[in-house]
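Q: What follows is final.txt, compact mmCIF, C-alpha atoms.
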# COMPACT_ATOMS: atom_id res chain seq x y z
CA MET Q 34 -99.09 -42.78 -108.49
CA THR Q 35 -102.67 -41.91 -109.39
CA GLN Q 36 -104.53 -39.31 -107.36
CA LEU Q 37 -106.83 -42.05 -106.12
CA ALA Q 38 -103.93 -44.15 -104.91
CA HIS Q 39 -102.37 -41.10 -103.31
CA ASP Q 40 -105.61 -40.37 -101.47
CA ALA Q 41 -105.92 -43.98 -100.37
CA LYS Q 42 -102.43 -43.91 -98.95
CA GLN Q 43 -103.24 -40.77 -97.00
CA THR Q 44 -106.39 -42.17 -95.36
CA PRO Q 45 -105.61 -42.13 -91.64
CA ARG Q 46 -106.42 -45.26 -89.69
CA LEU Q 47 -108.14 -45.08 -86.37
CA LEU Q 48 -108.80 -47.84 -83.83
CA VAL Q 49 -111.65 -47.55 -81.33
CA VAL Q 50 -111.42 -49.85 -78.29
CA GLU Q 51 -114.75 -49.72 -76.52
CA ASP Q 52 -117.07 -52.37 -75.15
CA GLU Q 53 -120.26 -50.29 -75.40
CA PRO Q 54 -121.76 -51.10 -78.82
CA VAL Q 55 -123.62 -47.77 -79.00
CA VAL Q 56 -120.45 -45.77 -78.41
CA ARG Q 57 -118.45 -47.93 -80.85
CA LYS Q 58 -121.06 -47.47 -83.54
CA ALA Q 59 -121.29 -43.70 -83.01
CA LEU Q 60 -117.51 -43.24 -83.16
CA ARG Q 61 -117.19 -45.43 -86.23
CA LYS Q 62 -119.96 -43.63 -88.08
CA TYR Q 63 -118.60 -40.20 -87.19
CA PHE Q 64 -114.97 -40.81 -88.11
CA VAL Q 65 -115.76 -42.78 -91.28
CA ALA Q 66 -117.78 -39.75 -92.42
CA GLU Q 67 -114.76 -37.60 -91.56
CA GLY Q 68 -112.55 -39.62 -93.91
CA PHE Q 69 -110.87 -42.01 -91.49
CA GLU Q 70 -110.53 -45.74 -91.96
CA VAL Q 71 -111.94 -47.08 -88.70
CA ASP Q 72 -111.54 -50.43 -86.95
CA CYS Q 73 -113.30 -51.20 -83.70
CA ALA Q 74 -112.43 -53.70 -80.98
CA ARG Q 75 -114.38 -54.66 -77.90
CA GLU Q 76 -111.75 -56.81 -76.18
CA LEU Q 77 -108.21 -56.08 -75.03
CA GLU Q 78 -106.74 -59.07 -76.91
CA GLU Q 79 -108.70 -58.20 -80.05
CA ALA Q 80 -107.26 -54.68 -79.91
CA GLU Q 81 -103.75 -56.08 -79.42
CA ALA Q 82 -104.18 -58.39 -82.43
CA LEU Q 83 -105.22 -55.43 -84.56
CA ILE Q 84 -102.33 -53.29 -83.33
CA VAL Q 85 -99.84 -56.05 -84.15
CA THR Q 86 -101.19 -56.58 -87.66
CA SER Q 87 -102.04 -53.00 -88.70
CA HIS Q 88 -100.66 -49.54 -88.20
CA TYR Q 89 -102.93 -46.91 -86.70
CA GLU Q 90 -102.39 -43.17 -86.58
CA ILE Q 91 -104.60 -42.95 -83.55
CA VAL Q 92 -106.17 -45.22 -80.94
CA ILE Q 93 -109.18 -44.15 -78.88
CA ALA Q 94 -109.47 -46.50 -75.91
CA ASP Q 95 -111.95 -46.71 -73.10
CA LEU Q 96 -110.11 -46.95 -69.80
CA ARG Q 97 -112.27 -49.79 -68.50
CA LEU Q 98 -113.90 -52.46 -70.52
CA SER Q 99 -116.90 -53.71 -68.56
CA TRP Q 100 -115.66 -57.27 -68.05
CA ASN Q 101 -112.26 -56.01 -67.02
CA TYR Q 102 -112.08 -54.19 -63.70
CA SER Q 103 -108.48 -53.24 -64.19
CA ALA Q 104 -107.54 -50.32 -66.38
CA ALA Q 105 -107.60 -52.04 -69.77
CA GLY Q 106 -107.06 -48.69 -71.47
CA LEU Q 107 -103.72 -48.34 -69.74
CA GLU Q 108 -102.73 -51.84 -70.86
CA ILE Q 109 -103.57 -50.86 -74.43
CA LEU Q 110 -101.58 -47.68 -73.98
CA ARG Q 111 -98.53 -49.66 -72.83
CA PHE Q 112 -99.00 -52.06 -75.73
CA VAL Q 113 -99.23 -49.28 -78.31
CA ARG Q 114 -96.16 -47.55 -76.94
CA HIS Q 115 -94.24 -50.83 -77.20
CA HIS Q 116 -95.32 -51.58 -80.78
CA SER Q 117 -95.76 -48.22 -82.45
CA ARG Q 118 -94.18 -45.12 -81.02
CA ASP Q 119 -95.80 -42.74 -83.49
CA THR Q 120 -99.40 -43.84 -82.77
CA ARG Q 121 -101.37 -41.26 -80.78
CA VAL Q 122 -103.54 -42.53 -77.94
CA VAL Q 123 -106.67 -40.92 -76.52
CA ILE Q 124 -108.03 -42.40 -73.29
CA LEU Q 125 -111.76 -42.09 -72.58
CA THR Q 126 -113.10 -42.76 -69.13
CA ALA Q 127 -115.98 -42.21 -66.79
CA TYR Q 128 -113.71 -42.87 -63.80
CA ALA Q 129 -111.10 -40.17 -64.09
CA GLY Q 130 -109.41 -39.96 -60.74
CA PRO Q 131 -106.20 -37.92 -60.61
CA ASP Q 132 -104.09 -41.03 -60.01
CA VAL Q 133 -105.37 -42.68 -63.16
CA GLN Q 134 -104.80 -39.53 -65.18
CA ARG Q 135 -101.25 -39.30 -63.85
CA SER Q 136 -100.64 -42.95 -64.75
CA ALA Q 137 -102.01 -42.40 -68.24
CA ARG Q 138 -99.85 -39.33 -68.79
CA ALA Q 139 -96.80 -41.12 -67.42
CA LEU Q 140 -97.39 -43.99 -69.84
CA GLY Q 141 -97.56 -41.56 -72.73
CA ALA Q 142 -101.28 -40.91 -73.31
CA ASP Q 143 -101.66 -38.02 -75.70
CA ALA Q 144 -105.07 -37.00 -74.36
CA PHE Q 145 -107.41 -37.95 -71.57
CA LEU Q 146 -111.14 -37.21 -71.97
CA GLN Q 147 -113.78 -37.69 -69.32
CA LYS Q 148 -117.13 -39.22 -70.24
CA PRO Q 149 -119.70 -38.06 -71.03
CA VAL Q 150 -117.90 -36.27 -73.80
CA ALA Q 151 -119.29 -34.79 -77.00
CA LEU Q 152 -118.23 -36.31 -80.30
CA ALA Q 153 -117.13 -32.84 -81.34
CA GLU Q 154 -114.66 -32.73 -78.47
CA ILE Q 155 -113.26 -36.16 -79.33
CA ALA Q 156 -113.00 -35.06 -82.96
CA ALA Q 157 -111.23 -31.83 -82.02
CA THR Q 158 -108.72 -33.83 -79.97
CA VAL Q 159 -108.16 -36.29 -82.82
CA TYR Q 160 -107.63 -33.47 -85.33
CA ARG Q 161 -105.20 -31.75 -82.99
CA LEU Q 162 -103.18 -34.95 -82.66
CA THR Q 163 -103.29 -36.05 -86.27
CA GLY Q 164 -103.45 -32.80 -88.16
CA GLY Q 165 -106.94 -33.65 -89.44
CA ALA Q 166 -108.28 -36.30 -91.75
CA ARG Q 167 -109.45 -34.30 -94.71
CA MET A 231 -120.70 -64.77 -64.68
CA LYS A 232 -118.15 -66.10 -67.15
CA ARG A 233 -116.98 -63.50 -69.58
CA ARG A 234 -118.20 -64.25 -73.12
CA THR A 235 -115.44 -63.52 -75.60
CA LEU A 236 -114.91 -63.66 -79.32
CA VAL A 237 -113.42 -67.14 -78.79
CA ASP A 238 -116.92 -68.33 -77.87
CA GLU A 239 -118.19 -66.93 -81.17
CA ILE A 240 -115.38 -68.62 -83.10
CA LEU A 241 -116.19 -71.97 -81.48
CA ALA A 242 -119.95 -71.65 -81.91
CA PRO A 243 -121.56 -73.51 -84.84
CA GLY A 244 -120.90 -71.55 -88.02
CA GLY A 245 -118.29 -69.41 -86.27
CA LEU A 246 -115.65 -70.35 -88.84
CA THR A 247 -115.84 -70.20 -92.61
CA ILE A 248 -113.54 -72.33 -94.75
CA LEU A 249 -112.10 -71.16 -98.04
CA PHE A 250 -109.89 -73.38 -100.18
CA GLN A 251 -106.87 -72.25 -102.16
CA PRO A 252 -105.55 -74.69 -104.73
CA ILE A 253 -102.01 -76.06 -104.90
CA PHE A 254 -101.26 -77.23 -108.43
CA GLU A 255 -98.77 -79.76 -109.73
CA ILE A 256 -97.25 -78.91 -113.08
CA VAL A 257 -96.95 -82.00 -115.27
CA ASN A 258 -95.71 -81.59 -118.85
CA GLY A 259 -96.83 -77.97 -118.85
CA GLN A 260 -100.30 -78.86 -117.59
CA SER A 261 -101.49 -77.86 -114.13
CA MET A 262 -103.27 -80.57 -112.20
CA LEU A 263 -104.87 -80.05 -108.82
CA PHE A 264 -102.54 -81.44 -106.17
CA ALA A 265 -104.21 -80.26 -102.97
CA LEU A 266 -106.52 -77.66 -101.51
CA GLU A 267 -105.31 -75.61 -98.58
CA ALA A 268 -108.14 -74.97 -96.11
CA LEU A 269 -108.06 -71.40 -94.88
CA SER A 270 -110.14 -70.53 -91.83
CA ARG A 271 -111.86 -67.19 -91.46
CA GLY A 272 -113.92 -65.71 -88.65
CA SER A 273 -117.38 -64.30 -89.10
CA LYS A 274 -117.97 -62.03 -92.06
CA GLY A 275 -117.89 -58.34 -91.24
CA THR A 276 -115.82 -58.82 -88.06
CA ASN A 277 -112.13 -58.21 -87.44
CA LEU A 278 -111.69 -61.99 -87.28
CA GLU A 279 -112.54 -62.31 -90.97
CA ARG A 280 -108.87 -61.39 -91.44
CA ALA A 281 -106.79 -64.54 -90.89
CA ASP A 282 -103.84 -62.62 -89.42
CA VAL A 283 -106.06 -60.95 -86.83
CA LEU A 284 -107.98 -64.18 -86.13
CA PHE A 285 -104.90 -66.21 -85.27
CA GLU A 286 -103.05 -63.40 -83.52
CA TYR A 287 -106.13 -63.01 -81.32
CA VAL A 288 -106.39 -66.77 -80.69
CA ARG A 289 -102.72 -66.95 -79.70
CA ARG A 290 -103.13 -63.98 -77.34
CA MET A 291 -106.09 -65.74 -75.72
CA ASN A 292 -103.96 -68.93 -75.51
CA ARG A 293 -106.75 -70.89 -77.21
CA GLU A 294 -104.86 -72.36 -80.18
CA LEU A 295 -105.75 -75.90 -79.16
CA ASP A 296 -109.54 -75.38 -79.14
CA VAL A 297 -109.56 -73.25 -82.26
CA ASP A 298 -107.27 -75.65 -84.15
CA ARG A 299 -109.73 -78.45 -83.40
CA ALA A 300 -112.58 -76.26 -84.63
CA CYS A 301 -110.64 -75.42 -87.81
CA VAL A 302 -109.90 -79.11 -88.44
CA SER A 303 -113.54 -80.02 -87.96
CA ALA A 304 -114.76 -77.22 -90.25
CA ALA A 305 -112.13 -77.99 -92.90
CA ILE A 306 -112.95 -81.71 -93.06
CA ALA A 307 -116.69 -80.98 -93.16
CA ALA A 308 -116.09 -78.55 -96.03
CA ALA A 309 -113.80 -81.03 -97.81
CA ALA A 310 -116.66 -83.51 -97.97
CA SER A 311 -118.46 -81.21 -100.44
CA VAL A 312 -115.46 -80.66 -102.74
CA PRO A 313 -115.69 -82.41 -106.14
CA GLY A 314 -113.24 -85.29 -106.61
CA SER A 315 -110.96 -86.28 -103.77
CA PRO A 316 -108.01 -83.89 -103.70
CA ALA A 317 -105.64 -83.79 -100.75
CA ILE A 318 -106.73 -81.32 -98.10
CA SER A 319 -104.07 -79.25 -96.38
CA ILE A 320 -105.02 -77.97 -92.91
CA ASN A 321 -103.00 -75.55 -90.79
CA VAL A 322 -102.27 -76.49 -87.19
CA HIS A 323 -100.11 -74.85 -84.55
CA ALA A 324 -97.08 -76.83 -83.42
CA SER A 325 -98.16 -76.11 -79.84
CA THR A 326 -101.44 -77.94 -80.47
CA LEU A 327 -99.61 -81.09 -81.55
CA GLU A 328 -97.53 -80.82 -78.40
CA ARG A 329 -100.37 -80.18 -75.95
CA ASP A 330 -103.37 -82.00 -77.41
CA GLU A 331 -102.59 -85.66 -76.85
CA HIS A 332 -105.86 -86.73 -78.49
CA PHE A 333 -105.48 -84.58 -81.59
CA ALA A 334 -104.74 -87.50 -83.93
CA SER A 335 -107.80 -89.45 -82.80
CA TYR A 336 -109.94 -86.30 -83.03
CA LEU A 337 -108.76 -85.82 -86.62
CA ALA A 338 -109.44 -89.46 -87.47
CA GLU A 339 -112.95 -89.28 -85.98
CA ARG A 340 -113.81 -86.16 -87.99
CA CYS A 341 -112.62 -87.91 -91.17
CA VAL A 342 -114.85 -90.90 -90.45
CA GLU A 343 -117.76 -88.61 -89.56
CA HIS A 344 -117.57 -86.76 -92.88
CA GLY A 345 -116.51 -89.64 -95.10
CA VAL A 346 -113.10 -88.15 -95.94
CA ARG A 347 -110.20 -90.61 -96.24
CA ILE A 348 -107.54 -89.69 -93.72
CA ASP A 349 -104.73 -90.21 -96.23
CA ARG A 350 -106.07 -87.15 -98.06
CA ILE A 351 -105.08 -84.97 -95.11
CA VAL A 352 -101.90 -82.89 -95.07
CA LEU A 353 -101.20 -81.13 -91.78
CA GLU A 354 -99.41 -77.87 -92.36
CA ILE A 355 -97.53 -76.94 -89.22
CA VAL A 356 -97.39 -73.24 -88.41
CA GLU A 357 -95.78 -71.28 -85.58
CA HIS A 358 -93.29 -74.06 -85.00
CA GLN A 359 -91.16 -71.90 -82.75
CA ARG A 360 -93.78 -72.28 -80.06
CA PHE A 361 -93.42 -75.91 -79.09
CA ARG A 362 -91.34 -76.59 -76.01
CA ASP A 363 -91.41 -80.33 -75.48
CA ALA A 364 -89.75 -81.92 -78.49
CA ASN A 365 -90.56 -85.47 -77.40
CA THR A 366 -94.33 -84.99 -77.33
CA PHE A 367 -94.24 -82.95 -80.53
CA PHE A 368 -92.36 -85.59 -82.50
CA ALA A 369 -94.42 -88.41 -80.95
CA ALA A 370 -97.54 -86.62 -82.22
CA LEU A 371 -96.04 -86.40 -85.71
CA ASP A 372 -95.25 -90.13 -85.64
CA GLY A 373 -98.81 -90.93 -84.60
CA LEU A 374 -100.28 -88.83 -87.39
CA ARG A 375 -97.97 -90.34 -89.99
CA ALA A 376 -98.96 -93.82 -88.84
CA LEU A 377 -102.56 -92.90 -89.72
CA GLY A 378 -101.48 -91.87 -93.23
CA VAL A 379 -101.43 -88.11 -92.66
CA ARG A 380 -98.73 -86.19 -94.53
CA ILE A 381 -96.80 -83.37 -92.86
CA ALA A 382 -95.97 -79.99 -94.37
CA LEU A 383 -93.87 -77.25 -92.81
CA ASP A 384 -95.00 -73.70 -93.49
CA ASP A 385 -92.94 -70.52 -93.83
CA ILE A 386 -89.74 -72.35 -94.73
CA GLY A 387 -86.82 -70.00 -94.98
CA LEU A 388 -87.98 -67.70 -92.19
CA GLY A 389 -87.59 -67.69 -88.41
CA TYR A 390 -87.44 -71.08 -86.78
CA SER A 391 -87.64 -73.10 -90.01
CA ASN A 392 -83.97 -73.79 -89.59
CA HIS A 393 -82.00 -76.79 -90.78
CA GLN A 394 -82.34 -78.58 -87.43
CA MET A 395 -86.12 -78.29 -87.62
CA LEU A 396 -86.20 -79.49 -91.23
CA ILE A 397 -83.97 -82.47 -90.53
CA GLU A 398 -85.90 -83.51 -87.43
CA VAL A 399 -89.38 -83.15 -88.95
CA CYS A 400 -88.43 -84.35 -92.45
CA PRO A 401 -91.64 -82.88 -93.87
CA ASP A 402 -93.33 -84.41 -96.88
CA LEU A 403 -93.89 -80.89 -98.18
CA PHE A 404 -91.56 -77.92 -97.79
CA LYS A 405 -93.62 -74.75 -98.22
CA ILE A 406 -91.26 -71.96 -99.17
CA ASP A 407 -92.38 -68.65 -97.73
CA ARG A 408 -93.70 -66.02 -100.12
CA PHE A 409 -90.94 -63.69 -98.97
CA PHE A 410 -88.59 -65.61 -101.27
CA VAL A 411 -91.11 -66.35 -104.03
CA ASP A 412 -92.76 -62.98 -104.57
CA GLY A 413 -90.62 -61.09 -107.08
CA CYS A 414 -88.05 -63.88 -107.37
CA SER A 415 -87.87 -63.46 -111.16
CA ALA A 416 -86.09 -60.15 -110.57
CA ARG A 417 -84.11 -61.17 -107.47
CA PRO A 418 -81.25 -63.61 -108.00
CA HIS A 419 -80.55 -63.82 -104.26
CA SER A 420 -84.11 -65.05 -103.62
CA ARG A 421 -83.71 -67.65 -106.36
CA ALA A 422 -80.46 -68.83 -104.78
CA ALA A 423 -82.26 -69.32 -101.43
CA ILE A 424 -85.12 -71.19 -103.13
CA GLU A 425 -82.67 -73.40 -104.97
CA SER A 426 -80.88 -74.34 -101.75
CA ILE A 427 -84.18 -75.24 -100.04
CA ALA A 428 -85.21 -77.33 -103.06
CA LEU A 429 -81.90 -79.19 -102.94
CA LEU A 430 -82.29 -79.90 -99.23
CA ALA A 431 -85.89 -81.07 -99.74
CA SER A 432 -84.86 -83.51 -102.45
CA ARG A 433 -82.06 -84.91 -100.24
CA LEU A 434 -84.53 -85.35 -97.36
CA GLY A 435 -87.10 -87.03 -99.59
CA GLY A 436 -89.65 -84.20 -99.57
CA ARG A 437 -91.22 -82.00 -102.20
CA VAL A 438 -91.28 -78.22 -102.42
CA VAL A 439 -94.33 -75.99 -102.72
CA ALA A 440 -93.71 -72.42 -103.84
CA GLU A 441 -96.45 -70.26 -102.34
CA GLY A 442 -97.25 -66.68 -103.16
CA ILE A 443 -96.85 -66.85 -106.94
CA GLU A 444 -98.68 -63.88 -108.42
CA THR A 445 -97.10 -63.28 -111.82
CA PRO A 446 -96.19 -65.35 -114.89
CA GLU A 447 -92.60 -64.14 -114.53
CA ASP A 448 -92.27 -65.55 -111.03
CA PHE A 449 -93.94 -68.78 -112.14
CA ALA A 450 -91.42 -69.11 -114.97
CA ALA A 451 -88.54 -68.49 -112.55
CA ILE A 452 -89.88 -71.09 -110.11
CA SER A 453 -90.37 -73.63 -112.90
CA ALA A 454 -86.82 -73.04 -114.11
CA LEU A 455 -85.63 -74.07 -110.63
CA GLY A 456 -87.39 -77.41 -111.08
CA ILE A 457 -90.20 -76.76 -108.59
CA ASP A 458 -93.46 -78.29 -109.77
CA LEU A 459 -95.86 -77.61 -106.87
CA VAL A 460 -97.20 -74.08 -106.98
CA GLN A 461 -99.71 -71.93 -105.13
CA GLY A 462 -100.68 -68.28 -105.31
CA TYR A 463 -103.10 -65.75 -106.74
CA TYR A 464 -101.73 -66.41 -110.23
CA PHE A 465 -103.23 -69.90 -110.00
CA GLY A 466 -106.24 -69.36 -107.81
CA ARG A 467 -107.48 -67.24 -104.96
CA PRO A 468 -109.09 -68.66 -101.85
CA ALA A 469 -112.66 -69.58 -102.71
CA ALA A 470 -115.67 -71.40 -101.35
CA PRO A 471 -115.60 -75.22 -101.50
CA ALA A 472 -118.23 -75.54 -104.22
CA SER A 473 -116.26 -73.42 -106.70
CA GLN A 474 -113.11 -75.58 -106.80
CA THR A 475 -111.90 -76.95 -110.11
CA THR A 476 -109.29 -79.56 -110.81
CA GLN A 477 -107.36 -77.74 -113.50
CA LYS A 478 -106.14 -74.22 -114.12
CA GLU A 479 -106.86 -73.00 -117.61
CA LYS A 480 -104.19 -70.33 -117.99
CA VAL A 481 -101.04 -72.46 -117.76
Would you put the structure from the file into structure tokens?
A:
Amino acid sequence: MTQLAHDAKQTPRLLVVEDEPVVRKALRKYFVAEGFEVDCARELEEAEALIVTSHYEIVIADLRLSWNYSAAGLEILRFVRHHSRDTRVVILTAYAGPDVQRSARALGADAFLQKPVALAEIAATVYRLTGGAR
Amino acid sequence: MKRRTLVDEILAPGGLTILFQPIFEIVNGQSMLFALEALSRGSKGTNLERADVLFEYVRRMNRELDVDRACVSAAIAAAASVPGSPAISINVHASTLERDEHFASYLAERCVEHGVRIDRIVLEIVEHQRFRDANTFFAALDGLRALGVRIALDDIGLGYSNHQMLIEVCPDLFKIDRFFVDGCSARPHSRAAIESIALLASRLGGRVVAEGIETPEDFAAISALGIDLVQGYYFGRPAAPASQTTQKEKV
């Protein structure tokens, strides 16, 4: 295997599930620069289609997508746990009541971050869970 | 307010792009264009540009029927600009044939609209495990055949492409899944499976297409089994309608 191929194989894949275009764009730009391969989804079903067809080391999911008043992030969390046990999941939310946090933890969320949250904090969480991209 | 989803973007004008991948017939060592398979893609630069993501998403949204119609319409419109008049193979979910009672007339109308003869159309049935009402499904096949449409079954050898399905559909084209074709030159067990499918196809009056051929070694192995309809990157990658040719130069 060439060094290039080895590096390509090691590129961690990250999925961002977020309906706010500004947040999606910022996360994509940041993590691409950090050496991740990044896909973004804005809908629950789009995220599920990506999870079924690709393997991700980590999924960062907003708890609520604006059109969906239920906890879409928890549905994604359930879906990831069903399809890929080794994928880490970070839940982002602006509505972090203790019940929701408990539900997320019970479903196997690896981290729960309350918005507004600095990119550096998200990155630190991702590195802790994945062992870093570089 | 109704939620606007990616389905709305897929169904909007220009929401689907059609690429064609050639299927060649090998005649006396020469490859002649047999058909073009129309492959639908979502908008460039989106996740739906990947066919696997596009159709997984559509199935999760339970919108196969609408999107299949859109794919048929886009494929026939694109076929009108292809040089010559090769057969055009179009993928359709089995569930669409079961649920869309006007699918055949819709297909016929699109052919008239774009000046494409309907007997050029091959419907390639995918996801055939998903139909529930056998009567409506087979009635739809009969209606399409009466119009001159040929029927292909995709992914033969895997999942629900079992003998019962093959006998009941009696497809004109048996498309052997790439799982068996890719690397078959080095895998005698794969060749044995291909040979058995080819024998069944000949007994049922159909022809076999080997898809997923990527190397000259696999092509030689497939040819040695008597299969003369071939498809894969070795012969041609999916490409825009205007760039189609009728003959492959390498063979």
Q: With a distance threshold of 10 Å and counting only C-alpha atoms, extract the residues of chain A near chain Q and express them as a PyMOL selection string.
A: chain A and resi 231-236+276-278+280+282-291
Q: Step by step: start from the point (-112.9, -77.6, -93.5) in the file's coordinates, keep every protein, DNA or RNA residue that has an atom no farther than 10 Å from it, count all atoms listed in the file, and write the set as a PyMOL selection string.
A: chain A and resi 246-250+267-270+300-311+318-320+471
Q: Scan for residues within 9 Å of the point (-97.8, -70.9, -104.6) in the coordinates of the file, using all atoms listed in the file, and reply as a list in words.
A: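 These residues have at least one counted atom within 9 Å: Pro252, Ile253, Phe254, Lys405, Ile406, Arg408, Val411, Val439, Ala440, Glu441, Gly442, Ile443, Glu444, Phe449, Leu459, Val460, Gln461, Gly462, Tyr463, Tyr464 and Phe465 of chain A.
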Q: For segment 112-116 of chain Q, list every protein, DNA or RNA residue within 9 Å, evaluated using all atoms listed in the file, and leave out those in the same chain fewer than 4 positions away; present the list as a list in words.
A: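 Residues meeting the cut-off are Glu81, Ile84, Val85, Val92, Leu107, Glu108, Thr120, Arg121, Val122, Leu140 and Gly141 of chain Q.
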Q: Output the selection as an mmCIF file, in the coordinates of the input - C-alpha atoms for each residue.
A:
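This is the output file part27.cif:
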data_model
loop_
_atom_site.group_PDB
_atom_site.id
_atom_site.type_symbol
_atom_site.label_atom_id
_atom_site.label_comp_id
_atom_site.auth_asym_id
_atom_site.auth_seq_id
_atom_site.Cartn_x
_atom_site.Cartn_y
_atom_site.Cartn_z
ATOM 1 C CA GLU Q 81 -103.750 -56.080 -79.420
ATOM 2 C CA ILE Q 84 -102.330 -53.290 -83.330
ATOM 3 C CA VAL Q 85 -99.840 -56.050 -84.150
ATOM 4 C CA VAL Q 92 -106.170 -45.220 -80.940
ATOM 5 C CA LEU Q 107 -103.720 -48.340 -69.740
ATOM 6 C CA GLU Q 108 -102.730 -51.840 -70.860
ATOM 7 C CA THR Q 120 -99.400 -43.840 -82.770
ATOM 8 C CA ARG Q 121 -101.370 -41.260 -80.780
ATOM 9 C CA VAL Q 122 -103.540 -42.530 -77.940
ATOM 10 C CA LEU Q 140 -97.390 -43.990 -69.840
ATOM 11 C CA GLY Q 141 -97.560 -41.560 -72.730
#
Q: Using Å and a single decimal, report how far atom CA of Gly164 of chain Q sits from atom CA of Ala94 of chain Q.
A: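 Computing it gives 19.3 Å between the two atoms.
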Q: May I have the residues within 10 Å of Ala451 of chain A as a list in words, using only C-alpha atoms and disregarding those fewer than 3 positions away in the same chain?
A: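 Using only C-alpha atoms, the neighbours found are Val411, Gly413, Cys414, Ser415, Ala416, Arg417, Pro418, Arg421, Pro446, Glu447, Asp448, Ala454, Leu455, Gly456 and Ile457 of chain A.
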Q: Closest to Val65 of chain Q among Q:Ala142, Q:Ile124, Q:Val133, Q:Ala156, using all atoms listed in the file?
A: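 Looking only at the distances to Val65 of chain Q, the closest residue turns out to be Q:Ala156.
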Q: So what do you get for atom CA of Arg97 of chain Q versus atom CA of Tyr128 of chain Q, distance-wise?
A: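 Atom CA of Tyr128 of chain Q lies at a distance of 8.5 Å from atom CA of Arg97 of chain Q.
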